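Everything below belongs to input.cif, which stores mmCIF, C-alpha atoms.
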data_start
#
loop_
_atom_site.group_PDB
_atom_site.id
_atom_site.type_symbol
_atom_site.label_atom_id
_atom_site.label_comp_id
_atom_site.auth_asym_id
_atom_site.auth_seq_id
_atom_site.Cartn_x
_atom_site.Cartn_y
_atom_site.Cartn_z
ATOM 1 C CA MET A 1425 98.969 187.775 -76.224
ATOM 2 C CA THR A 1426 101.646 189.973 -74.713
ATOM 3 C CA GLU A 1427 103.872 189.963 -71.654
ATOM 4 C CA ALA A 1428 102.365 189.656 -68.199
ATOM 5 C CA PRO A 1429 101.772 192.999 -66.475
ATOM 6 C CA ASP A 1430 104.306 194.604 -64.227
ATOM 7 C CA PRO A 1431 103.169 193.533 -60.749
ATOM 8 C CA ARG A 1432 103.391 197.084 -59.412
ATOM 9 C CA PRO A 1433 100.078 198.989 -59.413
ATOM 10 C CA ASP A 1434 101.890 202.266 -60.179
ATOM 11 C CA ALA A 1435 103.225 200.800 -63.434
ATOM 12 C CA LEU A 1436 99.697 199.998 -64.624
ATOM 13 C CA LEU A 1437 98.432 203.406 -63.514
ATOM 14 C CA ASP A 1438 101.301 205.116 -65.362
ATOM 15 C CA ARG A 1439 100.461 203.261 -68.606
ATOM 16 C CA HIS A 1440 96.726 203.925 -68.468
ATOM 17 C CA GLY A 1441 96.450 207.441 -67.085
ATOM 18 C CA ASP A 1442 93.770 208.665 -64.710
ATOM 19 C CA ALA A 1443 92.106 205.945 -62.638
ATOM 20 C CA ILE A 1444 90.701 205.608 -59.152
ATOM 21 C CA ARG A 1445 93.090 204.054 -56.639
ATOM 22 C CA ASN A 1446 91.137 202.026 -54.102
ATOM 23 C CA GLU A 1447 92.455 200.367 -50.928
ATOM 24 C CA ASN A 1448 90.532 197.953 -48.705
ATOM 25 C CA VAL A 1449 91.250 195.679 -45.758
ATOM 26 C CA PHE A 1450 89.161 192.530 -45.365
ATOM 27 C CA GLU A 1451 89.243 190.485 -42.158
ATOM 28 C CA LEU A 1452 88.375 186.851 -42.875
ATOM 29 C CA ASP A 1453 88.047 183.644 -40.908
ATOM 30 C CA ALA A 1454 90.841 181.102 -41.454
ATOM 31 C CA GLU A 1455 88.932 179.005 -44.029
ATOM 32 C CA ALA A 1456 87.879 181.980 -46.180
ATOM 33 C CA PHE A 1457 91.386 183.463 -45.871
ATOM 34 C CA GLU A 1458 93.044 180.293 -47.235
ATOM 35 C CA SER A 1459 90.502 180.042 -50.060
ATOM 36 C CA VAL A 1460 91.141 183.641 -51.128
ATOM 37 C CA ARG A 1461 94.919 183.219 -50.769
ATOM 38 C CA ARG A 1462 94.893 180.157 -53.083
ATOM 39 C CA ARG A 1463 93.042 182.092 -55.801
ATOM 40 C CA ALA A 1464 95.055 185.299 -55.292
ATOM 41 C CA GLY A 1465 98.316 183.378 -55.523
ATOM 42 C CA ARG A 1466 97.774 183.204 -59.282
ATOM 43 C CA GLY A 1467 98.532 186.937 -59.581
ATOM 44 C CA TRP A 1468 96.425 189.921 -60.563
ATOM 45 C CA GLY A 1469 92.643 189.976 -60.734
ATOM 46 C CA THR A 1470 90.911 191.851 -63.534
ATOM 47 C CA GLY A 1471 87.366 192.771 -64.503
ATOM 48 C CA ALA A 1472 85.223 195.432 -66.089
ATOM 49 C CA LEU A 1473 82.503 197.963 -65.495
ATOM 50 C CA VAL A 1474 80.255 197.434 -68.505
ATOM 51 C CA VAL A 1475 77.557 200.069 -68.990
ATOM 52 C CA HIS A 1476 74.749 199.975 -71.559
ATOM 53 C CA GLY A 1477 72.451 202.994 -71.555
ATOM 54 C CA SER A 1478 71.581 203.545 -67.906
ATOM 55 C CA ARG A 1479 72.361 200.007 -66.758
ATOM 56 C CA ALA A 1480 75.486 198.272 -65.411
ATOM 57 C CA LEU A 1481 76.271 194.607 -65.991
ATOM 58 C CA LEU A 1482 76.487 192.576 -62.775
ATOM 59 C CA VAL A 1483 76.837 188.897 -61.950
ATOM 60 C CA ARG A 1484 75.401 187.141 -58.900
ATOM 61 C CA GLN A 1485 77.807 184.733 -57.227
ATOM 62 C CA ASP A 1486 78.048 183.324 -53.701
ATOM 63 C CA GLY A 1487 75.043 185.390 -52.588
ATOM 64 C CA SER A 1488 76.409 188.781 -53.701
ATOM 65 C CA TRP A 1489 76.533 190.931 -56.834
ATOM 66 C CA PHE A 1490 79.884 191.606 -58.538
ATOM 67 C CA LEU A 1491 81.249 193.330 -61.583
ATOM 68 C CA PRO A 1492 82.286 190.524 -63.956
ATOM 69 C CA GLY A 1493 85.902 189.584 -63.391
ATOM 70 C CA GLY A 1494 88.410 187.025 -62.242
ATOM 71 C CA MET A 1495 92.051 186.048 -62.376
ATOM 72 C CA LEU A 1496 94.483 187.082 -65.066
ATOM 73 C CA GLU A 1497 95.767 184.186 -67.203
ATOM 74 C CA PRO A 1498 99.478 183.767 -68.058
ATOM 75 C CA GLY A 1499 100.488 185.917 -71.024
ATOM 76 C CA GLU A 1500 97.426 188.200 -70.889
ATOM 77 C CA THR A 1501 97.450 191.912 -70.362
ATOM 78 C CA PRO A 1502 94.986 193.060 -67.689
ATOM 79 C CA ALA A 1503 92.747 194.556 -70.419
ATOM 80 C CA GLU A 1504 92.714 191.276 -72.364
ATOM 81 C CA GLY A 1505 91.882 189.400 -69.178
ATOM 82 C CA ALA A 1506 89.028 191.771 -68.352
ATOM 83 C CA ALA A 1507 87.426 191.241 -71.775
ATOM 84 C CA ARG A 1508 87.848 187.459 -71.470
ATOM 85 C CA GLU A 1509 86.369 187.377 -67.958
ATOM 86 C CA VAL A 1510 83.298 189.379 -69.045
ATOM 87 C CA ARG A 1511 82.766 186.996 -71.980
ATOM 88 C CA GLU A 1512 83.251 183.846 -69.848
ATOM 89 C CA GLU A 1513 80.970 184.996 -67.035
ATOM 90 C CA THR A 1514 78.228 186.696 -69.041
ATOM 91 C CA GLY A 1515 78.482 185.725 -72.717
ATOM 92 C CA ILE A 1516 78.760 189.419 -73.612
ATOM 93 C CA GLU A 1517 81.564 190.666 -75.860
ATOM 94 C CA VAL A 1518 83.116 194.003 -74.858
ATOM 95 C CA GLU A 1519 85.583 196.579 -76.066
ATOM 96 C CA ILE A 1520 87.903 197.816 -73.319
ATOM 97 C CA ASP A 1521 87.901 201.621 -73.133
ATOM 98 C CA GLY A 1522 90.509 202.244 -70.437
ATOM 99 C CA LEU A 1523 91.562 201.607 -66.868
ATOM 100 C CA ALA A 1524 88.924 202.695 -64.331
ATOM 101 C CA ALA A 1525 90.464 201.620 -61.013
ATOM 102 C CA ILE A 1526 93.246 199.746 -59.279
ATOM 103 C CA SER A 1527 92.181 198.081 -56.051
ATOM 104 C CA GLU A 1528 94.807 197.102 -53.512
ATOM 105 C CA GLN A 1529 93.136 194.648 -51.189
ATOM 106 C CA THR A 1530 94.723 193.439 -47.967
ATOM 107 C CA PHE A 1531 93.283 190.215 -46.561
ATOM 108 C CA VAL A 1532 93.828 189.503 -42.857
ATOM 109 C CA SER A 1533 93.233 186.469 -40.655
ATOM 110 C CA GLY A 1534 94.679 186.671 -37.155
ATOM 111 C CA ASP A 1535 98.381 187.548 -37.539
ATOM 112 C CA ASP A 1536 98.505 186.489 -41.195
ATOM 113 C CA ALA A 1537 97.952 188.904 -44.099
ATOM 114 C CA PHE A 1538 98.585 189.293 -47.812
ATOM 115 C CA ARG A 1539 97.970 191.955 -50.461
ATOM 116 C CA PHE A 1540 96.151 191.424 -53.759
ATOM 117 C CA HIS A 1541 95.706 193.745 -56.760
ATOM 118 C CA PHE A 1542 92.659 194.004 -58.988
ATOM 119 C CA ALA A 1543 92.396 196.104 -62.171
ATOM 120 C CA THR A 1544 88.918 197.292 -63.183
ATOM 121 C CA PHE A 1545 88.453 198.578 -66.724
ATOM 122 C CA ASP A 1546 85.700 200.594 -68.372
ATOM 123 C CA ALA A 1547 84.131 198.601 -71.204
ATOM 124 C CA THR A 1548 81.544 199.108 -73.925
ATOM 125 C CA PRO A 1549 79.372 196.112 -74.840
ATOM 126 C CA ALA A 1550 79.558 194.878 -78.437
ATOM 127 C CA THR A 1551 76.661 192.514 -77.639
ATOM 128 C CA THR A 1552 74.046 192.921 -74.896
ATOM 129 C CA GLU A 1553 72.225 189.590 -74.510
ATOM 130 C CA PRO A 1554 73.616 187.572 -71.573
ATOM 131 C CA THR A 1555 74.119 183.840 -71.879
ATOM 132 C CA GLU A 1556 71.588 181.488 -70.293
ATOM 133 C CA ASP A 1557 74.483 179.414 -68.855
ATOM 134 C CA PRO A 1558 76.775 181.967 -67.152
ATOM 135 C CA GLY A 1559 80.300 181.264 -66.000
ATOM 136 C CA LEU A 1560 82.631 178.362 -66.522
ATOM 137 C CA ASP A 1561 82.204 174.890 -65.042
ATOM 138 C CA GLY A 1562 82.643 175.136 -61.283
ATOM 139 C CA GLU A 1563 81.714 178.820 -61.043
ATOM 140 C CA GLU A 1564 78.597 179.427 -59.017
ATOM 141 C CA ILE A 1565 77.235 182.339 -61.061
ATOM 142 C CA THR A 1566 73.471 182.232 -60.580
ATOM 143 C CA ALA A 1567 72.461 185.371 -62.506
ATOM 144 C CA VAL A 1568 73.687 187.916 -65.030
ATOM 145 C CA GLU A 1569 71.702 191.152 -65.155
ATOM 146 C CA TRP A 1570 71.783 194.669 -66.519
ATOM 147 C CA ARG A 1571 70.959 196.675 -63.364
ATOM 148 C CA GLU A 1572 69.484 200.196 -63.188
ATOM 149 C CA THR A 1573 70.655 200.526 -59.580
ATOM 150 C CA ILE A 1574 73.536 198.959 -57.692
ATOM 151 C CA PRO A 1575 72.191 196.530 -55.051
ATOM 152 C CA ALA A 1576 73.209 196.946 -51.410
ATOM 153 C CA ASP A 1577 74.843 193.499 -51.448
ATOM 154 C CA THR A 1578 77.284 194.376 -54.246
ATOM 155 C CA TYR A 1579 80.925 193.554 -53.507
ATOM 156 C CA ASP A 1580 82.892 196.798 -53.001
ATOM 157 C CA ARG A 1581 79.698 198.754 -53.711
ATOM 158 C CA GLU A 1582 81.280 202.108 -52.839
ATOM 159 C CA LEU A 1583 83.868 201.681 -55.595
ATOM 160 C CA VAL A 1584 81.257 200.573 -58.154
ATOM 161 C CA VAL A 1585 79.095 203.602 -57.341
ATOM 162 C CA ALA A 1586 82.132 205.939 -57.520
ATOM 163 C CA LEU A 1587 83.066 204.514 -60.919
ATOM 164 C CA LEU A 1588 79.549 205.034 -62.212
ATOM 165 C CA GLU A 1589 79.365 208.571 -60.859
ATOM 166 C CA ARG A 1590 82.427 209.584 -62.919
ATOM 167 C CA GLY A 1591 80.312 209.380 -66.058
ATOM 168 C CA GLU A 1592 76.956 209.778 -64.332
ATOM 169 C CA SER A 1593 75.980 206.538 -66.081
ATOM 170 C CA LEU A 1594 73.333 205.430 -63.586
#
File written out as structure tokens:
Amino acid sequence: MTEAPDPRPDALLDRHGDAIRNENVFELDAEAFESVRRRAGRGWGTGALVVHGSRALLVRQDGSWFLPGGMLEPGETPAEGAAREVREETGIEVEIDGLAAISEQTFVSGDDAFRFHFATFDATPATTEPTEDPGLDGEEITAVEWRETIPADTYDRELVVALLERGESL
């Protein structure tokens, strides 16, 4: 493992070259806001767009579809964390190909707000068969699927579609 990433999105973009820069604002109720703030307080989030043939790997959690991902662990680079998160959530081993996007997400509840950064990497699967028991204990991942199309209830669907359109993968 190597040093933790520089917390500035521009530093990661400078190291990895061309990537989409995505900014969102999410208004949340007080309970959801505090839940997200507790998780985001651990630092960067990281995940991967994994494409196999004409299908993208998605996980179903909390009633929505997501690219596999989660929080960066101490001492990991964002790329290492993305590969680990894909493996933990899906059972699929991947090779990280490069940085696809940096998302700067601002979460708001009333007069309170905070900013969170998420690095999404492009990844190639080394294995393609998902685990029958996805996620770690306590994660509510109910499905892992290779999807031909991106469902309407996919978190940050516009970004996922934009990432796929770069390579015309789906």
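Remark: for Ala1443 of chain A, the closest of the candidate residues A:Leu1587, A:Val1475, A:Ala1524, A:Ala1547 is A:Ala1524 (distances computed over all atoms listed in the file).
With all atoms listed in the file as the basis for measurement, A:Arg1511 is the residue among A:Arg1511, A:Arg1539, A:Arg1581, A:Arg1463 that approaches Thr1551 of chain A most closely.
When only C-alpha atoms are used to measure the gap to Phe1457 of chain A, the shortest distance among A:Thr1552, A:Asp1546, A:Ala1567, A:Thr1530 belongs to A:Thr1530.
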message: Can you spell out as JSON, numbers by chain the set of residues that the PyMOL selection byres ((chain A and resi 1542) around 9) selects in the structure I just provided?
response: {"A": [1433, 1468, 1469, 1470, 1471, 1494, 1495, 1525, 1526, 1527, 1528, 1529, 1540, 1541, 1543, 1544]}
message: With the PyMOL selection byres ((chain A and resi 1534) around 10) as the selection, what would be picked from this file? Answer as a ChimeraX atom specification, please.
response: /A:1451-1454,1457,1532-1533,1535-1537
